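Note: the block below is target_22.cif and it holds mmCIF, C-alpha atoms and all ligand atoms.
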data_run
loop_
_atom_site.label_atom_id
_atom_site.label_comp_id
_atom_site.auth_asym_id
_atom_site.auth_seq_id
_atom_site.Cartn_x
_atom_site.Cartn_y
_atom_site.Cartn_z
CA MET D 19 25.07 15.03 24.96
CA SER D 20 24.67 13.78 21.40
CA MET D 21 25.51 16.41 18.81
CA ALA D 22 22.51 15.89 16.56
CA PRO D 23 21.50 19.15 14.83
CA VAL D 24 18.94 21.39 16.54
CA ILE D 25 16.56 24.04 15.24
CA ALA D 26 15.35 26.34 18.04
CA ILE D 27 11.99 28.10 17.63
CA ASP D 28 11.33 30.65 20.38
CA GLY D 29 8.73 33.34 20.93
CA PRO D 30 5.70 34.31 23.00
CA SER D 31 2.49 32.33 23.28
CA GLY D 32 0.06 32.17 20.37
CA VAL D 33 2.61 33.11 17.74
CA GLY D 34 2.45 29.83 15.81
CA LYS D 35 5.60 28.15 17.15
CA GLY D 36 3.77 24.85 17.58
CA THR D 37 2.49 24.87 14.01
CA VAL D 38 5.93 25.65 12.54
CA THR D 39 7.62 23.09 14.79
CA GLN D 40 5.18 20.32 13.94
CA ALA D 41 5.41 21.02 10.21
CA LEU D 42 9.23 21.00 10.29
CA ALA D 43 9.40 17.84 12.40
CA ARG D 44 7.16 16.09 9.88
CA GLU D 45 9.02 17.39 6.81
CA LEU D 46 12.49 16.61 8.11
CA GLY D 47 11.57 13.48 10.07
CA TRP D 48 13.24 14.96 13.16
CA HIS D 49 12.24 14.71 16.83
CA ARG D 50 10.26 17.43 18.50
CA LEU D 51 10.55 19.05 21.92
CA ASP D 52 7.53 21.05 23.08
CA SER D 53 9.22 22.60 26.11
CA GLY D 54 6.11 24.58 27.07
CA ALA D 55 4.32 21.27 27.60
CA LEU D 56 6.93 20.36 30.25
CA TYR D 57 6.17 23.55 32.23
CA ARG D 58 2.46 22.93 31.70
CA ALA D 59 2.89 19.36 32.99
CA VAL D 60 4.71 20.63 36.10
CA ALA D 61 1.82 23.02 36.72
CA LEU D 62 -0.82 20.29 36.32
CA ALA D 63 1.12 17.85 38.50
CA ALA D 64 1.56 20.57 41.16
CA VAL D 65 -2.18 21.24 41.24
CA SER D 66 -3.05 17.56 41.52
CA ARG D 67 -0.43 17.09 44.27
CA ASN D 68 -1.76 20.16 46.12
CA VAL D 69 1.51 22.04 45.73
CA ALA D 70 1.22 25.84 45.77
CA LEU D 71 2.55 27.60 42.64
CA ASP D 72 4.82 29.79 44.79
CA ASP D 73 6.43 26.96 46.80
CA GLU D 74 9.70 26.70 44.89
CA GLN D 75 11.18 23.73 46.74
CA ALA D 76 8.04 21.63 46.44
CA LEU D 77 7.77 22.60 42.74
CA VAL D 78 11.38 21.53 42.18
CA ASP D 79 10.45 18.10 43.60
CA VAL D 80 7.46 17.94 41.26
CA ALA D 81 9.67 18.85 38.25
CA ALA D 82 12.38 16.35 39.26
CA THR D 83 9.90 13.48 39.58
CA LEU D 84 7.68 14.43 36.65
CA ASP D 85 6.26 11.32 34.95
CA VAL D 86 5.17 12.68 31.58
CA VAL D 87 5.07 10.80 28.28
CA PHE D 88 4.72 12.40 24.83
CA ASP D 89 3.30 9.80 22.51
CA GLU D 90 4.04 11.19 19.03
CA HIS D 91 2.50 8.45 16.92
CA GLU D 92 -1.11 8.27 17.99
CA ALA D 93 -2.91 8.70 14.62
CA GLY D 94 -0.55 11.54 13.68
CA ARG D 95 -1.54 13.43 16.80
CA GLU D 96 0.36 13.79 20.01
CA ARG D 97 -1.01 12.25 23.17
CA ILE D 98 0.30 13.45 26.53
CA VAL D 99 0.11 11.23 29.59
CA LEU D 100 0.93 12.59 33.05
CA ASP D 101 1.21 10.26 36.04
CA GLY D 102 -0.68 7.63 34.03
CA GLU D 103 -3.55 9.96 33.19
CA GLU D 104 -4.23 11.41 29.74
CA VAL D 105 -3.99 15.22 29.88
CA THR D 106 -3.85 15.98 26.12
CA THR D 107 -6.77 18.43 26.26
CA ARG D 108 -6.34 19.79 29.77
CA ILE D 109 -2.69 20.67 29.21
CA ARG D 110 -3.68 23.12 26.41
CA GLN D 111 -6.18 25.11 28.46
CA GLU D 112 -5.53 28.82 29.04
CA ARG D 113 -5.46 28.39 32.80
CA THR D 114 -2.83 25.66 32.49
CA GLY D 115 -0.69 28.01 30.38
CA ASP D 116 -1.11 30.71 32.97
CA ALA D 117 -0.15 28.34 35.80
CA ALA D 118 2.83 27.14 33.72
CA SER D 119 4.16 30.69 33.45
CA LYS D 120 3.96 30.95 37.27
CA VAL D 121 5.97 27.77 37.90
CA ALA D 122 8.42 28.77 35.13
CA VAL D 123 9.67 31.81 37.06
CA TRP D 124 11.44 29.59 39.62
CA PRO D 125 15.13 29.01 38.80
CA GLY D 126 15.11 25.62 40.57
CA VAL D 127 12.20 24.41 38.44
CA ARG D 128 14.00 25.48 35.24
CA ARG D 129 17.22 23.76 36.36
CA ALA D 130 15.33 20.56 37.15
CA LEU D 131 14.06 20.43 33.54
CA VAL D 132 17.37 21.10 31.71
CA GLU D 133 18.62 17.49 31.50
CA ARG D 134 15.23 16.23 30.43
CA GLN D 135 15.20 18.74 27.55
CA HIS D 136 18.76 17.81 26.46
CA GLU D 137 17.67 14.16 26.23
CA PHE D 138 15.41 15.04 23.29
CA ARG D 139 18.49 15.86 21.19
CA GLN D 140 18.76 12.62 19.24
CA PRO D 141 19.68 11.81 15.63
CA PRO D 142 18.63 12.64 12.98
CA GLY D 143 17.84 16.00 14.63
CA LEU D 144 15.58 18.02 16.91
CA ILE D 145 13.15 20.91 16.46
CA ALA D 146 12.68 22.51 19.89
CA ASP D 147 10.13 25.20 20.65
CA GLY D 148 9.76 27.40 23.70
CA ARG D 149 11.08 30.61 25.23
CA ASP D 150 14.74 29.83 25.94
CA MET D 151 15.67 27.12 23.42
CA GLY D 152 18.19 29.31 21.60
CA THR D 153 19.41 31.27 24.62
CA VAL D 154 19.77 28.68 27.41
CA ILE D 155 18.93 25.08 26.50
CA PHE D 156 20.56 24.74 23.04
CA PRO D 157 22.86 27.78 22.69
CA ASP D 158 24.73 25.92 19.92
CA ALA D 159 21.57 25.32 17.83
CA ASN D 160 22.21 25.20 14.06
CA LEU D 161 19.37 27.62 13.41
CA LYS D 162 17.52 29.90 15.85
CA ILE D 163 14.23 31.45 14.87
CA PHE D 164 12.36 33.96 17.02
CA LEU D 165 8.71 34.39 16.06
CA THR D 166 6.77 37.48 17.08
CA ALA D 167 3.31 38.92 16.39
CA SER D 168 1.28 41.70 17.95
CA PRO D 169 -0.76 40.69 21.04
CA ASP D 170 -3.91 41.54 19.04
CA ALA D 171 -3.01 39.19 16.20
CA ARG D 172 -2.16 36.41 18.68
CA ALA D 173 -5.44 36.89 20.57
CA GLN D 174 -7.37 36.77 17.25
CA ARG D 175 -5.66 33.50 16.28
CA ARG D 176 -6.33 31.94 19.66
CA HIS D 177 -9.94 33.07 19.46
CA GLY D 178 -10.24 31.35 16.07
CA GLN D 179 -8.65 28.13 17.36
CA LEU D 180 -11.03 28.02 20.30
CA ALA D 181 -14.01 28.70 18.03
CA GLU D 182 -12.96 25.72 15.87
CA GLN D 183 -13.17 23.59 19.01
CA GLY D 184 -16.66 24.96 19.62
CA ARG D 185 -15.49 27.09 22.55
CA HIS D 186 -16.24 30.74 22.93
CA ALA D 187 -13.85 33.21 24.53
CA ILE D 188 -13.97 36.98 24.85
CA LEU D 189 -11.33 38.52 22.62
CA ALA D 190 -10.48 41.32 25.06
CA ASP D 191 -9.95 38.76 27.86
CA LEU D 192 -7.63 36.70 25.67
CA CYS D 193 -5.67 39.82 24.82
CA LEU D 194 -5.26 40.77 28.49
CA GLU D 195 -4.21 37.23 29.37
CA ILE D 196 -1.63 37.18 26.58
CA GLU D 197 -0.18 40.52 27.68
CA GLY D 198 -0.04 39.34 31.31
CA ARG D 199 1.77 36.15 30.36
CA ASP D 200 4.19 38.07 28.09
CA ARG D 201 5.02 40.42 30.93
CA ARG D 202 5.71 37.54 33.34
CA ASP D 203 7.82 35.70 30.73
CA GLN D 204 9.80 38.80 29.68
CA THR D 205 10.56 40.16 33.14
CA ARG D 206 11.51 37.02 35.08
CA ALA D 207 15.05 36.92 36.43
CA VAL D 208 16.08 33.61 34.87
CA ALA D 209 15.83 32.75 31.16
CA PRO D 210 13.50 35.64 30.29
CA LEU D 211 11.83 35.66 26.88
CA VAL D 212 14.36 37.44 24.64
CA PRO D 213 15.69 36.54 21.20
CA ALA D 214 19.16 34.98 21.15
CA GLU D 215 21.75 37.34 19.68
CA ASP D 216 22.12 35.09 16.67
CA ALA D 217 18.40 34.40 16.19
CA VAL D 218 16.51 35.38 13.04
CA THR D 219 13.29 37.20 14.00
CA ILE D 220 10.17 36.74 11.88
CA ASP D 221 7.23 39.04 12.61
CA THR D 222 4.19 36.97 11.65
CA THR D 223 1.54 39.64 12.33
CA GLN D 224 0.82 40.13 8.61
CA LEU D 225 1.89 36.69 7.39
CA SER D 226 -0.20 33.64 6.53
CA PRO D 227 1.02 30.28 7.90
CA ASP D 228 2.24 29.41 4.37
CA ALA D 229 4.21 32.66 4.12
CA VAL D 230 5.87 31.94 7.50
CA MET D 231 6.82 28.44 6.33
CA ALA D 232 8.25 29.88 3.10
CA GLU D 233 10.57 32.14 5.15
CA VAL D 234 11.54 29.25 7.40
CA HIS D 235 12.32 27.04 4.38
CA GLY D 236 14.55 29.80 3.00
CA LEU D 237 16.49 29.88 6.27
CA LEU D 238 16.88 26.08 6.33
CA LYS D 239 18.25 26.13 2.81
CA ALA D 240 20.67 28.92 3.62
CA ARG D 241 22.01 26.88 6.59
CA GLY D 242 22.29 23.69 4.56
CA LEU D 243 19.66 22.00 6.68
CA ARG D 244 17.66 20.78 3.69
O1 LIG D 301 4.56 27.64 25.01
P1 LIG D 301 3.52 27.43 26.07
O2 LIG D 301 2.37 28.38 26.00
O3 LIG D 301 3.08 26.00 26.13
O4 LIG D 301 4.28 27.71 27.46
C1 LIG D 301 3.59 27.84 28.68
C2 LIG D 301 4.45 28.67 29.64
O5 LIG D 301 5.61 27.91 29.99
C3 LIG D 301 4.97 29.97 29.06
O6 LIG D 301 4.11 31.06 29.26
C4 LIG D 301 6.28 30.17 29.81
O7 LIG D 301 6.07 30.85 31.03
C5 LIG D 301 6.73 28.77 30.14
N1 LIG D 301 7.83 28.33 29.27
C6 LIG D 301 9.10 28.70 29.63
N2 LIG D 301 10.17 28.27 28.91
C7 LIG D 301 9.98 27.49 27.83
C8 LIG D 301 8.68 27.11 27.43
C9 LIG D 301 7.60 27.57 28.17
O8 LIG D 301 9.29 29.43 30.60
N3 LIG D 301 11.03 27.06 27.16
#

Would you mind giving the structure from this file in structure tokens?
Ligand code: C5P
Amino acid sequence: MSMAPVIAIDGPSGVGKGTVTQALARELGWHRLDSGALYRAVALAAVSRNVALDDEQALVDVAATLDVVFDEHEAGRERIVLDGEEVTTRIRQERTGDAASKVAVWPGVRRALVERQHEFRQPPGLIADGRDMGTVIFPDANLKIFLTASPDARAQRRHGQLAEQGRHAILADLCLEIEGRDRRDQTRAVAPLVPAEDAVTIDTTQLSPDAVMAEVHGLLKARGLR
């Protein structure tokens, strides 16, 4: 494995990991690993191959043969292609996230994705976001950040994002879904969602995106990463 520096950004869904990760990748000119998208891609591929989300062995085969491409340069936006088909929009849907958290409980599926995640560690550096970046995948990361926010705040943000896309969701449903996914992610036997011992936790409930970035920049400076 190349020893390019890594910044690990972990935390539950809807906490702004993607926004922080994208901003840092742009500022530093580093690569980006959206590990959640890998689990989402496994879930989508399983559905299209008629594999049940509780059939671990078949899911391991799906994960091991996953043909997913992250095209970072498409007009500044990421394009995701799975088995030759563009899934950029579908991969972000709530039900895909929910299905992803079901395939992610299987140890064999997680193992099958480890190598693929390590391959993203290339010079000049990597910003990796997910649930177990700092605990399992890159335990030697140069900086580990754990973002949190109340389920209410996360549901509100998601509601706003959906509204911007012209889609309407019921806030209470989003909140329930978020709590359900948190529970599944926090209680699974392998790589549960917990902060690494050496992670810095930032509670973003009361913080604007700019205020979160200001804290992150302070941490980068303190670690000599910029
Ligand atoms: O971050 P995102 O919402 O895209 O992740 C979808 C699901 O994939 C999560 O709810 C979680 O169950 C799973 N996941 C994981 N480990 C990661 C990233 C995501 O288990 N490193």

Contacts between ligand LIG 301 (chain D) and chain D, please, where a residue of chain D counts if it comes within 8 Å (with only C-alpha atoms and all ligand atoms); show its shortest atom pair and distance in Å to one decimal, rows by chain and ascending number, as CSV.
residue,atom,partner,partner_atom,distance
D:Asp28,CA,D:LIG301,N3,7.7
D:Pro30,CA,D:LIG301,O1,7.1
D:Ser31,CA,D:LIG301,O2,4.8
D:Gly32,CA,D:LIG301,O2,7.2
D:Lys35,CA,D:LIG301,O1,7.9
D:Gly36,CA,D:LIG301,O1,8.0
D:Asp52,CA,D:LIG301,O3,7.3
D:Ser53,CA,D:LIG301,C8,4.7
D:Gly54,CA,D:LIG301,O3,3.5
D:Ala55,CA,D:LIG301,O3,5.1
D:Leu56,CA,D:LIG301,C8,7.5
D:Tyr57,CA,D:LIG301,O5,4.9
D:Arg58,CA,D:LIG301,C1,5.9
D:Arg110,CA,D:LIG301,O3,7.4
D:Thr114,CA,D:LIG301,C1,7.8
D:Gly115,CA,D:LIG301,C1,4.6
D:Asp116,CA,D:LIG301,O6,6.4
D:Ala117,CA,D:LIG301,C2,7.7
D:Ala118,CA,D:LIG301,C2,4.6
D:Ser119,CA,D:LIG301,O7,3.1
D:Lys120,CA,D:LIG301,O7,6.6
D:Val121,CA,D:LIG301,O7,7.5
D:Ala122,CA,D:LIG301,O8,4.7
D:Val123,CA,D:LIG301,O8,6.9
D:Arg128,CA,D:LIG301,O8,7.7
D:Asp147,CA,D:LIG301,N3,6.8
D:Gly148,CA,D:LIG301,N3,3.7
D:Arg149,CA,D:LIG301,N3,4.0
D:Asp150,CA,D:LIG301,N3,4.8
D:Met151,CA,D:LIG301,N3,6.0
D:Arg199,CA,D:LIG301,O6,5.7
D:Asp200,CA,D:LIG301,O6,7.1
D:Arg202,CA,D:LIG301,O7,7.1
D:Asp203,CA,D:LIG301,O7,5.2
D:Ala209,CA,D:LIG301,O8,7.4
D:Pro210,CA,D:LIG301,O8,7.5
D:Leu211,CA,D:LIG301,O8,7.7

Take the residues from that selection and write them out as a CSV table (one decimal), keeping the file's coordinate frame, keeping C-alpha atoms.
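Result file is result_4.csv:
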chain,number,residue,atom,x,y,z
D,28,ASP,CA,11.3,30.6,20.4
D,30,PRO,CA,5.7,34.3,23.0
D,31,SER,CA,2.5,32.3,23.3
D,32,GLY,CA,0.1,32.2,20.4
D,35,LYS,CA,5.6,28.2,17.2
D,36,GLY,CA,3.8,24.8,17.6
D,52,ASP,CA,7.5,21.0,23.1
D,53,SER,CA,9.2,22.6,26.1
D,54,GLY,CA,6.1,24.6,27.1
D,55,ALA,CA,4.3,21.3,27.6
D,56,LEU,CA,6.9,20.4,30.2
D,57,TYR,CA,6.2,23.6,32.2
D,58,ARG,CA,2.5,22.9,31.7
D,110,ARG,CA,-3.7,23.1,26.4
D,114,THR,CA,-2.8,25.7,32.5
D,115,GLY,CA,-0.7,28.0,30.4
D,116,ASP,CA,-1.1,30.7,33.0
D,117,ALA,CA,-0.2,28.3,35.8
D,118,ALA,CA,2.8,27.1,33.7
D,119,SER,CA,4.2,30.7,33.4
D,120,LYS,CA,4.0,31.0,37.3
D,121,VAL,CA,6.0,27.8,37.9
D,122,ALA,CA,8.4,28.8,35.1
D,123,VAL,CA,9.7,31.8,37.1
D,128,ARG,CA,14.0,25.5,35.2
D,147,ASP,CA,10.1,25.2,20.6
D,148,GLY,CA,9.8,27.4,23.7
D,149,ARG,CA,11.1,30.6,25.2
D,150,ASP,CA,14.7,29.8,25.9
D,151,MET,CA,15.7,27.1,23.4
D,199,ARG,CA,1.8,36.2,30.4
D,200,ASP,CA,4.2,38.1,28.1
D,202,ARG,CA,5.7,37.5,33.3
D,203,ASP,CA,7.8,35.7,30.7
D,209,ALA,CA,15.8,32.8,31.2
D,210,PRO,CA,13.5,35.6,30.3
D,211,LEU,CA,11.8,35.7,26.9

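Between Leu192 of chain D and the candidates D:Thr107, D:Gln204, D:Thr219, D:Gln174, the tightest atom-to-atom separation, counting only C-alpha atoms, involves D:Gln174.
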
Q) Which residue, D:Leu84, D:Leu180, D:Ala26, D:Ile220, has the smallest gap to Leu51 of chain D when you use all atoms listed in the file? A)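 For Leu51 of chain D, the nearest of the candidates is D:Ala26.
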
Q | Interatomic distance (Å, one decimal) between atom CA of Phe164 of chain D and atom CA of Gly29 of chain D | A | 5.4 Å

Q: Quote the spacing between atom CA of Asp216 of chain D and atom CA of Gly198 of chain D in Å to one decimal place.
A: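 About the pair atom CA of Asp216 of chain D and atom CA of Gly198 of chain D: they are 26.9 Å apart.
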
Q | Residue nearest Arg241 of chain D among D:Arg67, D:His136, D:Arg44, D:Lys162 (counting all atoms listed in the file) | A | D:Lys162

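Among D:Leu144, D:Ile109, D:Val38, D:Ile25, the residue with the shortest atom-to-atom distance to Ala232 of chain D, counting only C-alpha atoms, is D:Val38.
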
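The nearest approach to Asp221 of chain D among the residues D:Ser168, D:Gln111, D:Asn160, D:Thr37, with all atoms listed in the file taken into account, belongs to D:Ser168.
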
Q: Could you check how far atom CA of Leu238 of chain D sits from atom CA of Arg97 of chain D, in Å to one decimal?
A: 28.2 Å

Could you rebuild segment 76-98 of chain D with N, CA, C and O atoms and give it back as a PDB file, keeping the file's coordinate frame?
ATOM      1  N   ALA D  76       8.990  22.700  46.753  1.00  0.00           N
ATOM      2  CA  ALA D  76       8.040  21.630  46.440  1.00  0.00           C
ATOM      3  C   ALA D  76       7.861  21.498  44.921  1.00  0.00           C
ATOM      4  O   ALA D  76       7.741  20.388  44.392  1.00  0.00           O
ATOM      5  N   LEU D  77       7.903  22.640  44.201  1.00  0.00           N
ATOM      6  CA  LEU D  77       7.770  22.600  42.740  1.00  0.00           C
ATOM      7  C   LEU D  77       8.988  21.939  42.090  1.00  0.00           C
ATOM      8  O   LEU D  77       8.862  21.227  41.096  1.00  0.00           O
ATOM      9  N   VAL D  78      10.167  22.170  42.693  1.00  0.00           N
ATOM     10  CA  VAL D  78      11.380  21.530  42.180  1.00  0.00           C
ATOM     11  C   VAL D  78      11.231  20.008  42.303  1.00  0.00           C
ATOM     12  O   VAL D  78      11.570  19.262  41.379  1.00  0.00           O
ATOM     13  N   ASP D  79      10.678  19.548  43.427  1.00  0.00           N
ATOM     14  CA  ASP D  79      10.450  18.100  43.600  1.00  0.00           C
ATOM     15  C   ASP D  79       9.480  17.580  42.542  1.00  0.00           C
ATOM     16  O   ASP D  79       9.691  16.507  41.985  1.00  0.00           O
ATOM     17  N   VAL D  80       8.434  18.354  42.280  1.00  0.00           N
ATOM     18  CA  VAL D  80       7.460  17.940  41.260  1.00  0.00           C
ATOM     19  C   VAL D  80       8.181  17.824  39.909  1.00  0.00           C
ATOM     20  O   VAL D  80       8.034  16.825  39.194  1.00  0.00           O
ATOM     21  N   ALA D  81       8.985  18.838  39.554  1.00  0.00           N
ATOM     22  CA  ALA D  81       9.670  18.850  38.250  1.00  0.00           C
ATOM     23  C   ALA D  81      10.653  17.685  38.155  1.00  0.00           C
ATOM     24  O   ALA D  81      10.774  17.040  37.108  1.00  0.00           O
ATOM     25  N   ALA D  82      11.352  17.398  39.270  1.00  0.00           N
ATOM     26  CA  ALA D  82      12.380  16.350  39.260  1.00  0.00           C
ATOM     27  C   ALA D  82      11.758  14.961  39.157  1.00  0.00           C
ATOM     28  O   ALA D  82      12.407  14.027  38.695  1.00  0.00           O
ATOM     29  N   THR D  83      10.531  14.808  39.578  1.00  0.00           N
ATOM     30  CA  THR D  83       9.900  13.480  39.580  1.00  0.00           C
ATOM     31  C   THR D  83       8.765  13.395  38.556  1.00  0.00           C
ATOM     32  O   THR D  83       7.936  12.491  38.622  1.00  0.00           O
ATOM     33  N   LEU D  84       8.770  14.342  37.626  1.00  0.00           N
ATOM     34  CA  LEU D  84       7.680  14.430  36.650  1.00  0.00           C
ATOM     35  C   LEU D  84       7.609  13.153  35.795  1.00  0.00           C
ATOM     36  O   LEU D  84       8.591  12.762  35.182  1.00  0.00           O
ATOM     37  N   ASP D  85       6.440  12.522  35.772  1.00  0.00           N
ATOM     38  CA  ASP D  85       6.260  11.320  34.950  1.00  0.00           C
ATOM     39  C   ASP D  85       5.345  11.697  33.787  1.00  0.00           C
ATOM     40  O   ASP D  85       4.132  11.563  33.860  1.00  0.00           O
ATOM     41  N   VAL D  86       5.969  12.233  32.724  1.00  0.00           N
ATOM     42  CA  VAL D  86       5.170  12.680  31.580  1.00  0.00           C
ATOM     43  C   VAL D  86       5.660  11.987  30.320  1.00  0.00           C
ATOM     44  O   VAL D  86       6.860  11.830  30.104  1.00  0.00           O
ATOM     45  N   VAL D  87       4.719  11.523  29.501  1.00  0.00           N
ATOM     46  CA  VAL D  87       5.070  10.800  28.280  1.00  0.00           C
ATOM     47  C   VAL D  87       4.416  11.510  27.092  1.00  0.00           C
ATOM     48  O   VAL D  87       3.218  11.806  27.121  1.00  0.00           O
ATOM     49  N   PHE D  88       5.229  11.809  26.066  1.00  0.00           N
ATOM     50  CA  PHE D  88       4.720  12.400  24.830  1.00  0.00           C
ATOM     51  C   PHE D  88       4.671  11.278  23.802  1.00  0.00           C
ATOM     52  O   PHE D  88       5.696  10.784  23.381  1.00  0.00           O
ATOM     53  N   ASP D  89       3.470  10.893  23.441  1.00  0.00           N
ATOM     54  CA  ASP D  89       3.300   9.800  22.510  1.00  0.00           C
ATOM     55  C   ASP D  89       3.040  10.407  21.143  1.00  0.00           C
ATOM     56  O   ASP D  89       1.944  10.871  20.848  1.00  0.00           O
ATOM     57  N   GLU D  90       4.108  10.439  20.296  1.00  0.00           N
ATOM     58  CA  GLU D  90       4.040  11.190  19.030  1.00  0.00           C
ATOM     59  C   GLU D  90       3.237  10.492  17.935  1.00  0.00           C
ATOM     60  O   GLU D  90       2.912  11.103  16.947  1.00  0.00           O
ATOM     61  N   HIS D  91       2.965   9.211  18.094  1.00  0.00           N
ATOM     62  CA  HIS D  91       2.500   8.450  16.920  1.00  0.00           C
ATOM     63  C   HIS D  91       1.022   8.119  16.920  1.00  0.00           C
ATOM     64  O   HIS D  91       0.551   7.436  16.028  1.00  0.00           O
ATOM     65  N   GLU D  92       0.315   8.572  17.901  1.00  0.00           N
ATOM     66  CA  GLU D  92      -1.110   8.270  17.990  1.00  0.00           C
ATOM     67  C   GLU D  92      -1.876   8.948  16.851  1.00  0.00           C
ATOM     68  O   GLU D  92      -2.232  10.122  16.942  1.00  0.00           O
ATOM     69  N   ALA D  93      -2.130   8.201  15.758  1.00  0.00           N
ATOM     70  CA  ALA D  93      -2.910   8.700  14.620  1.00  0.00           C
ATOM     71  C   ALA D  93      -2.440  10.077  14.155  1.00  0.00           C
ATOM     72  O   ALA D  93      -3.243  10.946  13.820  1.00  0.00           O
ATOM     73  N   GLY D  94      -1.117  10.279  14.148  1.00  0.00           N
ATOM     74  CA  GLY D  94      -0.550  11.540  13.680  1.00  0.00           C
ATOM     75  C   GLY D  94      -0.679  12.657  14.705  1.00  0.00           C
ATOM     76  O   GLY D  94      -0.157  13.742  14.523  1.00  0.00           O
ATOM     77  N   ARG D  95      -1.359  12.384  15.784  1.00  0.00           N
ATOM     78  CA  ARG D  95      -1.540  13.430  16.800  1.00  0.00           C
ATOM     79  C   ARG D  95      -0.789  13.045  18.057  1.00  0.00           C
ATOM     80  O   ARG D  95      -0.602  11.880  18.349  1.00  0.00           O
ATOM     81  N   GLU D  96      -0.398  14.068  18.798  1.00  0.00           N
ATOM     82  CA  GLU D  96       0.360  13.790  20.010  1.00  0.00           C
ATOM     83  C   GLU D  96      -0.586  13.538  21.179  1.00  0.00           C
ATOM     84  O   GLU D  96      -1.602  14.201  21.323  1.00  0.00           O
ATOM     85  N   ARG D  97      -0.224  12.558  21.988  1.00  0.00           N
ATOM     86  CA  ARG D  97      -1.010  12.250  23.170  1.00  0.00           C
ATOM     87  C   ARG D  97      -0.075  12.464  24.357  1.00  0.00           C
ATOM     88  O   ARG D  97       1.076  12.030  24.325  1.00  0.00           O
ATOM     89  N   ILE D  98      -0.562  13.168  25.382  1.00  0.00           N
ATOM     90  CA  ILE D  98       0.300  13.450  26.530  1.00  0.00           C
ATOM     91  C   ILE D  98      -0.282  12.782  27.770  1.00  0.00           C
ATOM     92  O   ILE D  98      -1.464  12.963  28.089  1.00  0.00           O
TER      93      ILE D  98
END
